[in-house]
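The next block is structure28.cif, given as mmCIF, C-alpha atoms.
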data_start
#
loop_
_atom_site.label_atom_id
_atom_site.label_comp_id
_atom_site.auth_asym_id
_atom_site.auth_seq_id
_atom_site.Cartn_x
_atom_site.Cartn_y
_atom_site.Cartn_z
CA MET A 1 0.00 0.00 0.00
CA LYS A 2 2.95 2.33 0.65
CA LYS A 3 4.03 1.89 -2.97
CA LEU A 4 0.52 2.72 -4.10
CA LEU A 5 0.42 5.91 -2.03
CA ALA A 6 3.82 6.88 -3.42
CA LEU A 7 2.39 6.38 -6.91
CA PHE A 8 -0.48 8.75 -6.14
CA LEU A 9 1.94 11.42 -4.96
CA ALA A 10 4.16 10.97 -8.00
CA LEU A 11 1.20 11.25 -10.35
CA SER A 12 -0.27 14.38 -8.74
CA VAL A 13 1.20 16.58 -11.48
CA PHE A 14 -0.61 19.56 -12.97
CA VAL A 15 -0.33 21.05 -16.45
CA GLY A 16 -1.43 24.01 -18.53
CA CYS A 17 -4.70 24.20 -20.39
CA LYS A 18 -4.56 22.96 -23.96
CA GLY A 19 -6.82 20.36 -25.52
CA GLY A 20 -5.32 17.07 -26.64
CA ASP A 21 -6.50 17.69 -30.20
CA GLY A 22 -4.45 20.87 -30.37
CA GLN A 23 -7.40 23.20 -29.81
CA ASN A 24 -6.95 25.80 -27.12
CA LEU A 25 -9.45 25.87 -24.30
CA THR A 26 -11.93 28.74 -24.18
CA GLN A 27 -11.01 32.00 -22.50
CA GLU A 28 -13.15 31.11 -19.48
CA GLN A 29 -11.42 27.75 -19.06
CA THR A 30 -7.99 29.33 -19.33
CA LYS A 31 -8.97 31.92 -16.74
CA ASN A 32 -10.01 29.15 -14.37
CA ASN A 33 -6.63 27.43 -14.90
CA ILE A 34 -8.07 23.92 -14.78
CA ASN A 35 -5.40 21.24 -14.60
CA TYR A 36 -5.57 17.47 -14.87
CA SER A 37 -3.48 14.47 -13.87
CA ILE A 38 -3.90 10.70 -13.93
CA SER A 39 -4.60 10.86 -10.19
CA ASP A 40 -7.83 12.72 -11.07
CA LEU A 41 -9.13 9.41 -12.45
CA ALA A 42 -9.74 7.94 -9.02
CA ILE A 43 -12.53 7.62 -6.48
CA TYR A 44 -12.55 7.78 -2.68
CA THR A 45 -15.01 7.27 0.15
CA THR A 46 -16.41 10.44 1.74
CA ASP A 47 -17.10 11.82 5.19
CA GLU A 48 -20.28 13.62 6.25
CA ASN A 49 -18.98 16.84 4.67
CA PHE A 50 -18.24 15.14 1.33
CA GLN A 51 -14.49 15.25 1.74
CA PRO A 52 -12.36 12.35 0.44
CA VAL A 53 -11.36 9.81 3.10
CA LYS A 54 -10.17 6.42 1.82
CA PHE A 55 -8.94 5.34 -1.60
CA VAL A 56 -11.26 3.01 -3.55
CA SER A 57 -10.02 2.76 -7.15
CA MET A 58 -7.87 4.51 -9.76
CA LEU A 59 -6.89 3.96 -13.37
CA GLY A 60 -3.38 2.57 -13.68
CA ALA A 61 -3.17 1.32 -10.09
CA ASP A 62 -1.64 -2.11 -9.47
CA ILE A 63 -4.61 -4.07 -8.19
CA SER A 64 -2.41 -6.42 -6.15
CA GLU A 65 -1.25 -3.51 -3.99
CA ILE A 66 -4.72 -2.27 -3.06
CA GLU A 67 -5.69 -3.10 0.52
CA TYR A 68 -8.93 -2.00 2.14
CA THR A 69 -8.36 -1.58 5.87
CA ASP A 70 -11.37 0.69 6.32
CA ALA A 71 -14.85 -0.85 6.71
CA THR A 72 -16.55 1.74 4.49
CA ALA A 73 -13.93 1.34 1.77
CA LYS A 74 -14.39 -2.43 1.84
CA TYR A 75 -18.16 -1.99 1.58
CA VAL A 76 -17.96 0.52 -1.28
CA ALA A 77 -15.46 -1.62 -3.18
CA ASP A 78 -18.13 -4.32 -3.50
CA PHE A 79 -20.12 -1.92 -5.68
CA VAL A 80 -17.26 -1.03 -8.04
CA GLU A 81 -17.02 -2.93 -11.32
CA THR A 82 -13.36 -3.25 -12.34
CA ASP A 83 -11.47 -4.54 -15.35
CA THR A 84 -7.71 -5.07 -15.36
CA LEU A 85 -4.95 -5.28 -17.92
CA HIS A 86 -1.83 -7.43 -17.57
CA VAL A 87 1.27 -5.39 -18.38
CA LYS A 88 5.03 -5.94 -18.44
CA GLU A 89 7.33 -3.01 -17.92
CA GLY A 90 10.93 -2.24 -17.01
CA ASP A 91 11.96 -2.46 -13.36
CA ILE A 92 13.40 0.94 -12.46
CA GLU A 93 15.08 -0.46 -9.34
CA ASN A 94 16.61 -3.38 -11.25
CA PRO A 95 17.78 -2.31 -14.74
CA GLY A 96 17.50 -5.05 -17.33
CA LYS A 97 14.67 -6.78 -15.52
CA THR A 98 10.91 -6.45 -15.99
CA ILE A 99 7.87 -6.34 -13.72
CA GLU A 100 4.53 -7.92 -14.57
CA LYS A 101 1.37 -6.65 -12.95
CA ASP A 102 -2.37 -6.26 -13.40
CA ILE A 103 -3.42 -2.63 -13.53
CA ILE A 104 -6.91 -1.16 -13.38
CA ARG A 105 -7.98 -0.05 -16.85
CA TYR A 106 -11.70 0.47 -16.08
CA PHE A 107 -13.86 1.16 -13.06
CA ASN A 108 -17.56 1.89 -12.67
CA TYR A 109 -19.27 2.76 -9.41
CA THR A 110 -22.64 1.04 -9.69
CA GLY A 111 -23.82 2.67 -6.50
CA SER A 112 -24.81 2.30 -2.86
CA ARG A 113 -25.98 4.55 -0.04
CA GLU A 114 -22.35 5.46 0.55
CA ALA A 115 -21.16 8.23 -1.73
CA VAL A 116 -17.81 8.20 -3.53
CA ILE A 117 -15.95 11.31 -4.62
CA ASN A 118 -13.27 12.07 -7.21
CA PRO A 119 -10.38 14.55 -6.80
CA LYS A 120 -12.37 17.28 -8.58
CA GLY A 121 -14.99 17.07 -5.83
CA ILE A 122 -17.72 15.30 -7.82
CA HIS A 123 -19.58 12.88 -5.55
CA THR A 124 -22.30 10.32 -6.25
CA THR A 125 -24.20 7.34 -4.87
CA GLY A 126 -24.56 5.93 -8.36
CA ILE A 127 -27.96 4.51 -9.23
CA VAL A 128 -29.09 4.66 -5.60
CA ASN A 129 -31.55 7.51 -5.17
CA GLU A 130 -29.73 9.57 -2.53
CA GLU A 131 -29.80 12.86 -4.39
CA ASP A 132 -28.63 14.90 -1.40
CA LYS A 133 -25.36 12.94 -1.67
CA CYS A 134 -24.93 13.54 -5.42
CA SER A 135 -23.27 16.52 -7.08
CA ASP A 136 -25.25 18.78 -9.39
CA VAL A 137 -24.48 18.61 -13.09
CA LYS A 138 -23.46 22.27 -12.91
CA ASP A 139 -20.60 21.18 -10.61
CA VAL A 140 -19.25 18.89 -13.34
CA ILE A 141 -19.54 21.69 -15.90
CA LYS A 142 -17.69 24.10 -13.61
CA GLU A 143 -14.95 21.79 -12.37
CA TYR A 144 -14.06 20.60 -15.87
CA GLY A 145 -14.57 23.93 -17.61
CA ILE A 146 -17.10 22.55 -20.08
CA ASP A 147 -18.30 25.07 -22.65
CA THR A 148 -21.87 23.80 -22.97
CA GLU A 149 -22.60 25.92 -26.05
CA ASN A 150 -19.48 25.35 -28.12
CA GLU A 151 -18.15 21.88 -27.30
CA ALA A 152 -19.42 18.32 -27.50
CA TYR A 153 -19.75 16.69 -24.09
CA ILE A 154 -22.94 14.58 -24.18
CA GLU A 155 -22.45 11.01 -25.39
CA GLY A 156 -25.26 9.49 -27.42
CA GLU A 157 -28.89 10.49 -27.04
CA ILE A 158 -30.68 12.22 -24.19
CA HIS A 159 -33.15 9.61 -22.91
CA THR A 160 -36.89 10.14 -22.69
CA ASP A 161 -36.62 10.62 -18.90
CA GLY A 162 -34.09 13.40 -19.45
CA SER A 163 -31.07 11.41 -18.34
CA TYR A 164 -27.83 11.47 -20.30
CA THR A 165 -24.11 10.76 -20.07
CA ILE A 166 -21.32 13.33 -19.98
CA ARG A 167 -18.13 12.02 -21.60
CA LEU A 168 -14.78 13.74 -21.15
CA ASN A 169 -11.79 12.65 -23.24
CA PHE A 170 -8.15 12.98 -22.20
CA ASN A 171 -4.69 12.28 -23.57
CA ASP A 172 -1.32 12.13 -21.83
CA GLY A 173 0.22 15.52 -21.16
CA GLU A 174 3.82 16.59 -21.68
CA GLU A 175 4.79 15.99 -18.05
CA LYS A 176 4.75 12.52 -16.51
CA GLY A 177 1.38 11.74 -14.99
CA SER A 178 -0.28 14.82 -16.47
CA LEU A 179 -3.33 14.84 -18.74
CA THR A 180 -4.78 17.23 -21.28
CA ARG A 181 -8.51 17.34 -21.88
CA ILE A 182 -9.58 16.97 -25.51
CA VAL A 183 -12.00 19.78 -26.30
CA SER A 184 -14.08 18.90 -29.38
CA PRO A 185 -16.39 21.19 -31.39
CA ALA A 186 -20.11 20.97 -30.63
CA ASP A 187 -20.91 19.00 -33.79
CA THR A 188 -18.39 16.24 -32.96
CA ASN A 189 -19.44 12.68 -32.19
CA ILE A 190 -17.34 12.40 -29.02
CA SER A 191 -17.82 8.62 -28.91
CA LEU A 192 -15.50 8.46 -31.94
CA VAL A 193 -12.79 10.73 -30.54
CA ASP A 194 -9.46 8.90 -30.18
CA ALA A 195 -8.56 9.29 -26.51
CA ARG A 196 -6.23 7.55 -24.07
CA TYR A 197 -8.53 8.14 -21.09
CA ILE A 198 -12.30 8.51 -20.84
CA LEU A 199 -14.24 9.79 -17.86
CA LYS A 200 -18.04 9.53 -17.74
CA PHE A 201 -20.77 10.91 -15.50
CA PHE A 202 -24.34 9.64 -15.72
CA ILE A 203 -26.78 12.51 -15.16
CA GLN A 204 -30.36 12.10 -13.96
CA ASN A 205 -32.60 14.87 -12.58
CA ASP A 206 -29.61 17.21 -13.01
CA LYS A 207 -27.68 15.10 -10.47
CA VAL A 208 -24.63 12.88 -10.92
CA HIS A 209 -25.87 9.29 -10.58
CA GLY A 210 -22.83 7.41 -11.79
CA ILE A 211 -19.13 7.71 -12.50
CA SER A 212 -16.83 5.52 -14.59
CA ALA A 213 -13.40 5.77 -16.17
CA TYR A 214 -11.55 3.83 -18.88
CA MET A 215 -7.94 3.73 -20.05
CA ALA A 216 -6.77 2.51 -23.46
CA TYR A 217 -3.31 0.96 -23.30
#
Now that the file is in, can you turn its structure into structure tokens?
Amino acid sequence: MKKLLALFLALSVFVGCKGGDGQNLTQEQTKNNINYSISDLAIYTTDENFQPVKFVSMLGADISEIEYTDATAKYVADFVETDTLHVKEGDIENPGKTIEKDIIRYFNYTGSREAVINPKGIHTTGIVNEEDKCSDVKDVIKEYGIDTENEAYIEGEIHTDGSYTIRLNFNDGEEKGSLTRIVSPADTNISLVDARYILKFFIQNDKVHGISAYMAY
């Protein structure tokens, strides 16, 4: 677990604001100086004030090093769908040797009465109807600097009940562990955008009722 925590610290790198497709962010987004890192693609348990408490899941984390010593974290983890990818990479501590591990490439919080939160402060109970524990959609728009008039951010159709999915695409940034958000024009089919990382929020009744993340490798 110590190695995992060290990884989180190493990956907490912030970068400037430029979209991964080479398009500059809007003036408002630049003014807000919104930065992203791989450690943003994680979820934690929350306290009564919706502050992060215990780690639950994160893209790129070695699943064998994750230990849940907290009862709430253990409970919440049962409601997280996870997919892993087996990778082989060079051993920094032992040049010439390799390390094999299974890293998290996908997670989806299906939901419970316990809310989870991501590093941008977006919290949700998933499909469980605890709306007082779920962020407003306007919080997602603000925290990620989404230009609702000029960029594509809704994936697929808006359902008959008014629910929909926000999809945010990211690529690796110039600095290790950093990400750049891909800002696509409003007429873009964002499902077809080539991205290394994808973050999704399911919106219902203007509340966040689901969060998932995926990493292509």
What residues come out when you apply the PyMOL selection byres ((chain A and resi 203) around 8) to this file, written as a PyMOL selection string?
chain A and resi 137+163-166+201-202+204-210
Centre and size of axis-aligned box enclosing region 76-92 of chain A plus 8 Å each side, as AutoDock Vina command-line options:
--center_x -3.4 --center_y -3.2 --center_z -9.9 --size_x 49.5 --size_y 24.4 --size_z 33.2
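Checking A:Ala115, A:Ile190, A:Ile211, A:Leu85 one by one against Glu155 (chain A), counting only C-alpha atoms, you find the shortest gap at A:Ile190.
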Residues selected by the PyMOL selection byres ((chain A and resi 52-54) around 10), written as number ranges by chain: A: 43-51, 55-57, 68-74, 115-119, 121, 123
Selection result of the PyMOL selection byres ((chain A and resi 187) around 10) on this file, as JSON, numbers by chain: {"A": [150, 151, 152, 184, 185, 186, 188, 189, 190]}
Between CA of Tyr106 (chain A) and CA of Phe79 (chain A) lies a distance of 13.6 Å
CA of Ala213 (chain A) sits from CA of Leu41 (chain A) at a separation of 6.7 Å
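In this structure, CA of Tyr197 (chain A) sits 9.2 Å away from CA of Arg105 (chain A).
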Who sits within 9 Å of Lys120 (chain A), only C-alpha atoms, same chain under 4 positions skipped, as an NGL selection string: :A and (40 or 140 or 143-144)
The residue from A:Asp161, A:Thr82, A:Lys88, A:Tyr109 with the smallest atom-to-atom distance to Ser212 (chain A), counting all atoms listed in the file, is A:Tyr109
| request: Find the residues near Ser64 (chain A): any atom within 12 Å, counting only C-alpha atoms, skip ones fewer than 2 places away on the same chain, and give them as an MDAnalysis selection string. | output: chainID A and resid 1 3:4 57 60:62 66:68 84 86 100:104
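Distances to Glu157 (chain A) were evaluated for A:Val183, A:Met58, A:Ser191, A:Asp139 using all atoms listed in the file, and the minimum falls at A:Ser191.
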